[in-house]
file my_file13.cif (mmCIF, C-alpha atoms and all ligand atoms)
data_input
#
loop_
_atom_site.label_atom_id
_atom_site.label_comp_id
_atom_site.auth_asym_id
_atom_site.auth_seq_id
_atom_site.Cartn_x
_atom_site.Cartn_y
_atom_site.Cartn_z
CA PHE A 285 0.00 0.00 0.00
CA GLU A 286 2.78 2.42 0.91
CA LYS A 287 4.55 1.64 -2.33
CA GLU A 288 1.34 2.33 -4.24
CA MET A 289 0.93 5.67 -2.44
CA ALA A 290 4.52 6.59 -3.24
CA ARG A 291 3.89 5.79 -6.89
CA LEU A 292 0.76 7.95 -6.92
CA ASP A 293 2.68 10.79 -5.26
CA ARG A 294 5.33 10.56 -7.93
CA LEU A 295 2.71 10.53 -10.66
CA ASN A 296 1.12 13.58 -9.12
CA LEU A 297 4.44 15.35 -8.93
CA VAL A 298 5.20 14.60 -12.58
CA GLY A 299 1.77 15.89 -13.56
CA GLN A 300 2.19 19.05 -11.54
CA MET A 301 5.66 19.65 -12.92
CA ALA A 302 4.44 19.14 -16.46
CA ALA A 303 1.61 21.59 -15.87
CA GLY A 304 4.01 24.11 -14.38
CA ILE A 305 6.54 23.84 -17.17
CA GLY A 306 3.81 23.93 -19.79
CA HIS A 307 2.50 27.14 -18.30
CA GLU A 308 5.93 28.74 -17.97
CA VAL A 309 6.87 27.84 -21.53
CA ARG A 310 3.59 28.85 -23.06
CA ASN A 311 3.66 32.40 -21.71
CA PRO A 312 6.90 33.42 -23.45
CA LEU A 313 5.72 31.66 -26.62
CA THR A 314 2.57 33.76 -26.57
CA THR A 315 4.64 36.93 -26.19
CA ILE A 316 6.94 35.99 -29.06
CA ARG A 317 3.97 35.12 -31.26
CA GLY A 318 2.38 38.49 -30.50
CA PHE A 319 5.48 40.43 -31.53
CA LEU A 320 5.93 38.34 -34.66
CA GLN A 321 2.38 39.11 -35.66
CA LEU A 322 3.06 42.78 -35.09
CA MET A 323 6.16 42.58 -37.30
CA GLU A 324 4.26 40.70 -39.97
CA GLY A 325 2.06 43.72 -40.51
CA LYS A 326 4.91 46.26 -40.82
CA ASP A 327 6.33 47.40 -44.17
CA GLU A 328 9.91 47.40 -42.88
CA PHE A 329 9.69 43.62 -42.43
CA ALA A 330 8.07 42.99 -45.82
CA LYS A 331 11.13 41.08 -47.04
CA SER A 332 11.01 38.69 -44.08
CA LYS A 333 7.32 37.90 -44.30
CA GLY A 334 7.98 34.30 -45.30
CA TYR A 335 10.27 33.71 -42.33
CA ILE A 336 7.84 35.36 -39.94
CA LYS A 337 5.00 33.18 -41.19
CA LEU A 338 7.17 30.10 -40.70
CA MET A 339 8.11 31.15 -37.17
CA ILE A 340 4.46 31.66 -36.25
CA GLU A 341 3.58 28.23 -37.63
CA GLU A 342 6.35 26.61 -35.62
CA LEU A 343 5.24 28.41 -32.47
CA ASP A 344 1.69 27.18 -33.05
CA ARG A 345 3.02 23.67 -33.38
CA ALA A 346 4.97 23.98 -30.12
CA ASN A 347 1.82 25.25 -28.47
CA LEU A 348 -0.23 22.35 -29.80
CA ILE A 349 2.28 19.84 -28.48
CA ILE A 350 2.27 21.51 -25.06
CA SER A 351 -1.55 21.51 -24.93
CA GLU A 352 -1.83 17.88 -25.93
CA PHE A 353 0.98 16.86 -23.62
CA LEU A 354 -0.63 18.71 -20.72
CA SER A 355 -3.99 17.07 -21.20
CA LEU A 356 -2.16 13.76 -21.15
CA ALA A 357 0.14 14.47 -18.20
CA LYS A 358 -2.48 16.12 -16.06
CA ASN A 359 -3.20 13.46 -13.50
CA LYS A 360 -6.62 14.82 -12.85
CA THR A 361 -9.47 13.43 -10.92
CA VAL A 362 -12.38 12.86 -13.24
CA ASP A 363 -15.48 14.92 -12.62
CA LEU A 364 -18.09 12.23 -13.22
CA ARG A 365 -21.71 13.22 -13.67
CA PRO A 366 -24.73 11.41 -15.06
CA LEU A 367 -24.76 12.17 -18.75
CA ASN A 368 -26.31 10.82 -21.91
CA LEU A 369 -23.59 10.28 -24.48
CA ASN A 370 -26.07 11.04 -27.29
CA THR A 371 -26.76 14.50 -25.90
CA LEU A 372 -23.05 15.20 -25.70
CA ILE A 373 -22.56 14.09 -29.32
CA GLU A 374 -25.50 16.18 -30.51
CA ASN A 375 -24.05 19.25 -28.78
CA LEU A 376 -20.64 18.63 -30.26
CA PHE A 377 -21.96 17.91 -33.74
CA PRO A 378 -21.95 21.46 -35.20
CA LEU A 379 -18.26 21.77 -34.34
CA LEU A 380 -17.45 18.39 -35.88
CA GLN A 381 -19.45 19.28 -38.98
CA ALA A 382 -17.53 22.52 -39.41
CA ASP A 383 -14.30 20.54 -39.13
CA ALA A 384 -15.52 18.10 -41.77
CA MET A 385 -16.65 20.81 -44.15
CA VAL A 386 -13.28 22.55 -44.15
CA SER A 387 -11.64 19.41 -45.51
CA ASP A 388 -14.50 18.38 -47.87
CA LYS A 389 -15.59 15.41 -45.81
CA ASN A 390 -18.90 14.24 -44.43
CA ILE A 391 -19.95 13.31 -40.94
CA LYS A 392 -23.13 11.68 -39.73
CA THR A 393 -24.53 10.16 -36.56
CA GLU A 394 -26.58 7.04 -35.89
CA LEU A 395 -27.59 7.26 -32.26
CA GLN A 396 -29.65 4.54 -30.64
CA ASP A 397 -31.31 4.67 -27.24
CA ILE A 398 -28.61 4.14 -24.64
CA GLU A 399 -28.34 4.18 -20.88
CA VAL A 400 -27.14 7.24 -19.03
CA LEU A 401 -23.46 7.02 -18.03
CA SER A 402 -21.23 8.63 -15.43
CA LEU A 403 -18.95 10.79 -17.54
CA ASP A 404 -16.56 13.69 -17.33
CA GLU A 405 -18.05 15.81 -20.08
CA LYS A 406 -14.89 17.73 -20.98
CA GLU A 407 -12.83 14.57 -21.19
CA ILE A 408 -15.33 12.66 -23.30
CA ARG A 409 -15.57 15.66 -25.63
CA GLN A 410 -11.79 15.53 -26.02
CA LEU A 411 -11.90 11.79 -26.62
CA ILE A 412 -14.52 12.15 -29.36
CA LEU A 413 -12.71 15.10 -30.95
CA ASN A 414 -9.43 13.19 -31.08
CA LEU A 415 -11.01 10.07 -32.61
CA VAL A 416 -13.02 12.10 -35.13
CA ARG A 417 -9.98 14.16 -36.16
CA ASN A 418 -7.95 11.00 -36.72
CA GLY A 419 -10.76 9.52 -38.79
CA MET A 420 -11.02 12.68 -40.88
CA GLU A 421 -7.27 12.81 -41.40
CA ALA A 422 -7.24 9.19 -42.56
CA MET A 423 -9.86 9.79 -45.27
CA SER A 424 -9.51 11.32 -48.69
CA ARG A 425 -12.00 13.91 -49.97
CA ASN A 426 -15.71 13.10 -49.78
CA GLY A 427 -15.17 10.31 -47.26
CA THR A 428 -17.81 9.86 -44.60
CA LEU A 429 -17.24 9.52 -40.88
CA THR A 430 -19.99 7.95 -38.79
CA LEU A 431 -20.57 8.25 -35.06
CA ASN A 432 -22.63 5.38 -33.70
CA THR A 433 -23.94 4.71 -30.24
CA PHE A 434 -25.64 1.51 -29.17
CA MET A 435 -26.03 -0.94 -26.31
CA ASP A 436 -24.02 -4.17 -26.29
CA GLY A 437 -25.38 -6.19 -23.39
CA ASP A 438 -24.97 -3.89 -20.40
CA ARG A 439 -22.31 -1.80 -22.09
CA VAL A 440 -22.77 1.47 -23.93
CA VAL A 441 -20.67 1.54 -27.08
CA LEU A 442 -19.47 4.57 -29.00
CA ALA A 443 -18.19 3.65 -32.45
CA VAL A 444 -16.23 6.11 -34.56
CA GLN A 445 -16.10 4.72 -38.07
CA ASP A 446 -14.14 6.13 -40.98
CA GLU A 447 -13.62 5.23 -44.63
CA GLY A 448 -9.92 5.94 -44.41
CA CYS A 449 -6.65 4.24 -45.22
CA GLY A 450 -6.76 1.75 -42.36
CA ILE A 451 -3.95 1.00 -39.93
CA LYS A 452 -1.02 -1.28 -40.78
CA ASP A 453 -0.62 -4.41 -38.68
CA GLN A 454 2.78 -3.39 -37.40
CA ASP A 455 1.40 0.00 -36.29
CA ILE A 456 -1.56 -1.30 -34.32
CA GLU A 457 0.48 -2.30 -31.28
CA LYS A 458 2.13 1.14 -31.22
CA LEU A 459 -1.19 3.00 -31.03
CA GLY A 460 -1.48 5.02 -27.86
CA THR A 461 2.27 5.21 -27.32
CA PRO A 462 2.96 8.91 -26.71
CA PHE A 463 4.57 10.58 -29.74
CA PHE A 464 3.88 7.66 -32.10
CA THR A 465 2.72 9.20 -35.35
CA THR A 466 2.81 8.35 -39.05
CA LYS A 467 1.84 11.89 -40.03
CA GLU A 468 4.27 14.51 -41.21
CA SER A 469 3.00 17.09 -38.74
CA GLY A 470 1.33 14.79 -36.21
CA THR A 471 2.04 15.00 -32.49
CA GLY A 472 1.28 11.37 -31.69
CA LEU A 473 -0.52 12.45 -28.54
CA GLY A 474 -4.16 12.19 -29.61
CA LEU A 475 -4.64 8.49 -29.04
CA ALA A 476 -2.48 8.41 -25.92
CA THR A 477 -4.91 10.98 -24.51
CA CYS A 478 -7.90 8.85 -25.62
CA TYR A 479 -6.51 5.78 -23.88
CA SER A 480 -5.88 7.61 -20.65
CA ILE A 481 -9.35 9.22 -20.69
CA SER A 482 -10.88 5.84 -21.43
CA ALA A 483 -8.95 4.24 -18.56
CA ARG A 484 -10.11 6.95 -16.17
CA HIS A 485 -13.68 6.07 -17.17
CA ASN A 486 -13.07 2.38 -16.75
CA ALA A 487 -13.90 1.98 -20.44
CA GLN A 488 -12.22 -0.15 -23.07
CA ILE A 489 -11.08 0.75 -26.58
CA ASP A 490 -11.23 -1.83 -29.39
CA ILE A 491 -10.16 -1.31 -32.99
CA GLU A 492 -11.30 -2.85 -36.25
CA THR A 493 -9.30 -1.87 -39.28
CA GLY A 494 -8.93 -2.85 -42.92
CA ASN A 495 -8.69 -1.51 -46.45
CA SER A 496 -12.11 0.09 -46.32
CA GLY A 497 -11.48 2.00 -43.09
CA THR A 498 -11.15 1.90 -39.35
CA THR A 499 -13.60 1.78 -36.48
CA PHE A 500 -12.67 2.73 -32.92
CA TYR A 501 -15.05 1.29 -30.31
CA VAL A 502 -15.16 2.85 -26.87
CA LYS A 503 -17.05 0.53 -24.54
CA PHE A 504 -18.43 1.92 -21.30
CA LYS A 505 -19.72 -0.19 -18.45
CA THR A 506 -23.14 0.89 -17.21
CA LYS A 507 -23.05 -0.89 -13.91
CA GLN A 508 -20.21 1.06 -12.35
CA LYS A 509 -18.87 0.94 -8.87
CA TYR A 510 -16.86 3.99 -7.89
P1 LIG B 1 -1.47 11.99 -34.64
O1 LIG B 1 -2.88 12.10 -35.13
O2 LIG B 1 -0.91 13.30 -34.19
O3 LIG B 1 -0.58 11.28 -35.60
P2 LIG B 1 -2.58 10.11 -32.76
O4 LIG B 1 -2.12 9.64 -31.44
O5 LIG B 1 -3.92 10.76 -32.82
O6 LIG B 1 -1.47 11.10 -33.31
O7 LIG B 1 -2.56 8.90 -33.77
C1 LIG B 1 -1.37 8.13 -33.88
C2 LIG B 1 -1.30 7.38 -35.20
O8 LIG B 1 -2.31 6.38 -35.24
C3 LIG B 1 -1.57 8.23 -36.42
O9 LIG B 1 -0.41 8.91 -36.85
C4 LIG B 1 -2.05 7.18 -37.43
O10 LIG B 1 -0.95 6.51 -38.02
C5 LIG B 1 -2.77 6.17 -36.56
N1 LIG B 1 -4.23 6.37 -36.59
C6 LIG B 1 -5.01 6.81 -35.59
N2 LIG B 1 -6.31 6.83 -35.93
C7 LIG B 1 -6.37 6.39 -37.21
C8 LIG B 1 -7.43 6.17 -38.15
N3 LIG B 1 -8.72 6.44 -37.82
N4 LIG B 1 -7.12 5.69 -39.37
C9 LIG B 1 -5.83 5.42 -39.69
N5 LIG B 1 -4.78 5.60 -38.85
C10 LIG B 1 -5.03 6.08 -37.63
MG MG B 2 -4.51 12.55 -33.90
#

call {"tool": "encode", "arguments": {"input": "my_file13.cif", "output": "structure tokens"}}
result
Amino acid sequence: FEKEMARLDRLNLVGQMAAGIGHEVRNPLTTIRGFLQLMEGKDEFAKSKGYIKLMIEELDRANLIISEFLSLAKNKTVDLRPLNLNTLIENLFPLLQADAMVSDKNIKTELQDIEVLSLDEKEIRQLILNLVRNGMEAMSRNGTLTLNTFMDGDRVVLAVQDEGCGIKDQDIEKLGTPFFTTKESGTGLGLATCYSISARHNAQIDIETGNSGTTFYVKFKTKQKY
């Protein structure tokens, strides 16, 4: 028991340190970005516009990595409340649709009657966003992403199904490893975050993948003991 407590303390410390560093690093980045933007608009820097644009893009990338890393490292206690997953998806849908439209893709939902779950709304939002973004990124133009919910015995299942490129056998076991990415500008933190959110909800993630696309299943238990 003492060993377990010590481990938790360490985890907490790492999380707190990560949050602290993230904060301390992000502030100066924000300042630099602000000044770069100011310079971008000035005639005297017209010749360097290309460089300035590049610097801003790189800063945005650093910021993205910090944000995703923080949401992963934050060893937070989940704020569980009774929530219908369908309602959450319906609320999130306009945002997802806007995302899809920008890249010429389609998104639809097929929501069946499901039991109310104990969920941390913010975290489940993040989980859905990450899975949907991956699905979108895996598809070429006009592909359709489908969000399904249904009951499987006493479990509530969320299925995120895409018509994308599928996942190679040798990559499947690496999924969820922080910083594993096959994308040129990926962070490799999206799925790691999904797995940790899922674990905090006592849920399970299963994957089906092939040439015609990939489906991520998040399976929630309804009869929870906390
Ligand atoms: P990132 O999206 O930044 O690459 P993720 O952790 O979200 O990081 O995903 C890790 C890797 O898993 C991706 O680079 C991709 O190779 C693979 N992957 C995840 N979801 C899908 C999907 N729906 N279809 C195909 N590959 C996927
Ligand atoms: Mg991703």

call {"tool": "closest_residue", "arguments": {"input": "my_file13.cif", "among": "A:Met420, A:Leu473, A:Cys478, A:Ala487", "to": "Leu348 in chain A", "atoms": "only C-alpha atoms"}}
result
A:Leu473

call {"tool": "closest_atom_pairs", "arguments": {"input": "my_file13.cif", "of": "chain A", "to": "ligand MG 2 (chain B)", "cutoff": "12 Å", "atoms": "only C-alpha atoms and all ligand atoms", "output": "CSV"}}
result
residue,atom,partner,partner_atom,distance
A:Leu348,CA,B:MG2,MG,11.5
A:Ile349,CA,B:MG2,MG,11.3
A:Glu352,CA,B:MG2,MG,10.0
A:Gln410,CA,B:MG2,MG,11.1
A:Leu411,CA,B:MG2,MG,10.4
A:Ile412,CA,B:MG2,MG,11.0
A:Leu413,CA,B:MG2,MG,9.1
A:Asn414,CA,B:MG2,MG,5.7
A:Leu415,CA,B:MG2,MG,7.1
A:Val416,CA,B:MG2,MG,8.6
A:Arg417,CA,B:MG2,MG,6.1
A:Asn418,CA,B:MG2,MG,4.7
A:Gly419,CA,B:MG2,MG,8.5
A:Met420,CA,B:MG2,MG,9.5
A:Glu421,CA,B:MG2,MG,8.0
A:Ala422,CA,B:MG2,MG,9.7
A:Leu459,CA,B:MG2,MG,10.5
A:Gly460,CA,B:MG2,MG,10.1
A:Thr461,CA,B:MG2,MG,12.0
A:Pro462,CA,B:MG2,MG,11.0
A:Phe463,CA,B:MG2,MG,10.2
A:Phe464,CA,B:MG2,MG,9.9
A:Thr465,CA,B:MG2,MG,8.1
A:Thr466,CA,B:MG2,MG,9.9
A:Lys467,CA,B:MG2,MG,8.9
A:Glu468,CA,B:MG2,MG,11.6
A:Ser469,CA,B:MG2,MG,10.0
A:Gly470,CA,B:MG2,MG,6.7
A:Thr471,CA,B:MG2,MG,7.1
A:Gly472,CA,B:MG2,MG,6.3
A:Leu473,CA,B:MG2,MG,6.7
A:Gly474,CA,B:MG2,MG,4.3
A:Leu475,CA,B:MG2,MG,6.3
A:Ala476,CA,B:MG2,MG,9.2
A:Thr477,CA,B:MG2,MG,9.5
A:Cys478,CA,B:MG2,MG,9.7

call {"tool": "closest_residue", "arguments": {"input": "my_file13.cif", "among": "A:Arg317, A:Arg409, A:Lys331, A:Lys287", "to": "Asn375 in chain A", "atoms": "only C-alpha atoms"}}
result
A:Arg409

call {"tool": "residues_around", "arguments": {"input": "my_file13.cif", "residues": "Met435 in chain A", "least_positions_apart": "3", "cutoff": "8 Å", "atoms": "all atoms listed in the file", "output": "list of chain:residue names"}}
result
A:Gln396, A:Asp397, A:Ile398, A:Glu399, A:Asp438, A:Arg439, A:Val440, A:Val441

call {"tool": "closest_residue", "arguments": {"input": "my_file13.cif", "among": "A:Asn311, A:Thr428, A:Asn347, A:Thr506", "to": "Ala384 in chain A", "atoms": "all atoms listed in the file"}}
result
A:Thr428

call {"tool": "build_atoms", "arguments": {"input": "my_file13.cif", "residues": "range 334-369 of chain A", "atoms": "N, CA and C atoms", "output": "mmCIF file, in the frame of the given file"}}
result
data_model
loop_
_atom_site.group_PDB
_atom_site.id
_atom_site.type_symbol
_atom_site.label_atom_id
_atom_site.label_comp_id
_atom_site.auth_asym_id
_atom_site.auth_seq_id
_atom_site.Cartn_x
_atom_site.Cartn_y
_atom_site.Cartn_z
ATOM 1 N N GLY A 334 7.969 35.759 -45.208
ATOM 2 C CA GLY A 334 7.980 34.300 -45.300
ATOM 3 C C GLY A 334 8.538 33.664 -44.038
ATOM 4 N N TYR A 335 9.654 34.241 -43.560
ATOM 5 C CA TYR A 335 10.270 33.710 -42.330
ATOM 6 C C TYR A 335 9.334 33.895 -41.141
ATOM 7 N N ILE A 336 8.725 35.071 -41.086
ATOM 8 C CA ILE A 336 7.840 35.360 -39.940
ATOM 9 C C ILE A 336 6.684 34.373 -39.919
ATOM 10 N N LYS A 337 6.119 34.120 -41.084
ATOM 11 C CA LYS A 337 5.000 33.180 -41.190
ATOM 12 C C LYS A 337 5.438 31.798 -40.678
ATOM 13 N N LEU A 338 6.627 31.402 -41.101
ATOM 14 C CA LEU A 338 7.170 30.100 -40.700
ATOM 15 C C LEU A 338 7.356 30.041 -39.180
ATOM 16 N N MET A 339 7.879 31.122 -38.622
ATOM 17 C CA MET A 339 8.110 31.150 -37.170
ATOM 18 C C MET A 339 6.785 31.036 -36.416
ATOM 19 N N ILE A 340 5.764 31.731 -36.920
ATOM 20 C CA ILE A 340 4.460 31.660 -36.250
ATOM 21 C C ILE A 340 3.910 30.235 -36.328
ATOM 22 N N GLU A 341 4.068 29.606 -37.486
ATOM 23 C CA GLU A 341 3.580 28.230 -37.630
ATOM 24 C C GLU A 341 4.297 27.280 -36.666
ATOM 25 N N GLU A 342 5.588 27.476 -36.532
ATOM 26 C CA GLU A 342 6.350 26.610 -35.620
ATOM 27 C C GLU A 342 5.957 26.847 -34.170
ATOM 28 N N LEU A 343 5.697 28.104 -33.825
ATOM 29 C CA LEU A 343 5.240 28.410 -32.470
ATOM 30 C C LEU A 343 3.892 27.757 -32.203
ATOM 31 N N ASP A 344 3.003 27.799 -33.209
ATOM 32 C CA ASP A 344 1.690 27.180 -33.050
ATOM 33 C C ASP A 344 1.825 25.680 -32.838
ATOM 34 N N ARG A 345 2.794 25.103 -33.528
ATOM 35 C CA ARG A 345 3.020 23.670 -33.380
ATOM 36 C C ARG A 345 3.521 23.350 -31.965
ATOM 37 N N ALA A 346 4.466 24.170 -31.480
ATOM 38 C CA ALA A 346 4.970 23.980 -30.120
ATOM 39 C C ALA A 346 3.824 24.088 -29.112
ATOM 40 N N ASN A 347 2.950 25.054 -29.358
ATOM 41 C CA ASN A 347 1.820 25.250 -28.470
ATOM 42 C C ASN A 347 0.873 24.059 -28.473
ATOM 43 N N LEU A 348 0.647 23.513 -29.660
ATOM 44 C CA LEU A 348 -0.230 22.350 -29.800
ATOM 45 C C LEU A 348 0.343 21.162 -29.022
ATOM 46 N N ILE A 349 1.649 20.959 -29.167
ATOM 47 C CA ILE A 349 2.280 19.840 -28.480
ATOM 48 C C ILE A 349 2.161 20.028 -26.968
ATOM 49 N N ILE A 350 2.396 21.249 -26.497
ATOM 50 C CA ILE A 350 2.270 21.510 -25.060
ATOM 51 C C ILE A 350 0.844 21.234 -24.586
ATOM 52 N N SER A 351 -0.150 21.733 -25.337
ATOM 53 C CA SER A 351 -1.550 21.510 -24.930
ATOM 54 C C SER A 351 -1.870 20.039 -24.851
ATOM 55 N N GLU A 352 -1.495 19.301 -25.905
ATOM 56 C CA GLU A 352 -1.830 17.880 -25.930
ATOM 57 C C GLU A 352 -1.068 17.121 -24.852
ATOM 58 N N PHE A 353 0.187 17.518 -24.648
ATOM 59 C CA PHE A 353 0.980 16.860 -23.620
ATOM 60 C C PHE A 353 0.382 17.124 -22.241
ATOM 61 N N LEU A 354 -0.054 18.366 -22.017
ATOM 62 C CA LEU A 354 -0.630 18.710 -20.720
ATOM 63 C C LEU A 354 -1.887 17.919 -20.444
ATOM 64 N N SER A 355 -2.737 17.790 -21.455
ATOM 65 C CA SER A 355 -3.990 17.070 -21.200
ATOM 66 C C SER A 355 -3.698 15.596 -20.959
ATOM 67 N N LEU A 356 -2.558 15.139 -21.410
ATOM 68 C CA LEU A 356 -2.160 13.760 -21.150
ATOM 69 C C LEU A 356 -1.524 13.611 -19.763
ATOM 70 N N ALA A 357 -0.641 14.576 -19.433
ATOM 71 C CA ALA A 357 0.140 14.470 -18.200
ATOM 72 C C ALA A 357 -0.674 14.835 -16.968
ATOM 73 N N LYS A 358 -1.675 15.685 -17.175
ATOM 74 C CA LYS A 358 -2.480 16.120 -16.060
ATOM 75 C C LYS A 358 -3.107 14.895 -15.411
ATOM 76 N N ASN A 359 -2.700 14.642 -14.195
ATOM 77 C CA ASN A 359 -3.200 13.460 -13.500
ATOM 78 C C ASN A 359 -4.461 13.862 -12.767
ATOM 79 N N LYS A 360 -5.503 14.211 -13.550
ATOM 80 C CA LYS A 360 -6.620 14.820 -12.850
ATOM 81 C C LYS A 360 -7.652 13.828 -12.382
ATOM 82 N N THR A 361 -8.376 14.244 -11.375
ATOM 83 C CA THR A 361 -9.470 13.430 -10.920
ATOM 84 C C THR A 361 -10.640 13.715 -11.854
ATOM 85 N N VAL A 362 -11.284 12.656 -12.307
ATOM 86 C CA VAL A 362 -12.380 12.860 -13.240
ATOM 87 C C VAL A 362 -13.603 13.407 -12.510
ATOM 88 N N ASP A 363 -14.284 14.302 -13.170
ATOM 89 C CA ASP A 363 -15.480 14.920 -12.620
ATOM 90 C C ASP A 363 -16.687 14.201 -13.225
ATOM 91 N N LEU A 364 -17.051 13.082 -12.622
ATOM 92 C CA LEU A 364 -18.090 12.230 -13.220
ATOM 93 C C LEU A 364 -19.487 12.706 -12.850
ATOM 94 N N ARG A 365 -20.308 12.864 -13.873
ATOM 95 C CA ARG A 365 -21.710 13.220 -13.670
ATOM 96 C C ARG A 365 -22.585 12.384 -14.585
ATOM 97 N N PRO A 366 -23.835 12.166 -14.187
ATOM 98 C CA PRO A 366 -24.730 11.410 -15.060
ATOM 99 C C PRO A 366 -24.926 12.173 -16.367
ATOM 100 N N LEU A 367 -24.722 11.472 -17.474
ATOM 101 C CA LEU A 367 -24.760 12.170 -18.750
ATOM 102 C C LEU A 367 -25.154 11.188 -19.839
ATOM 103 N N ASN A 368 -25.994 11.647 -20.748
ATOM 104 C CA ASN A 368 -26.310 10.820 -21.910
ATOM 105 C C ASN A 368 -25.323 11.143 -23.022
ATOM 106 N N LEU A 369 -24.615 10.121 -23.449
ATOM 107 C CA LEU A 369 -23.590 10.280 -24.480
ATOM 108 C C LEU A 369 -24.181 10.885 -25.757
#
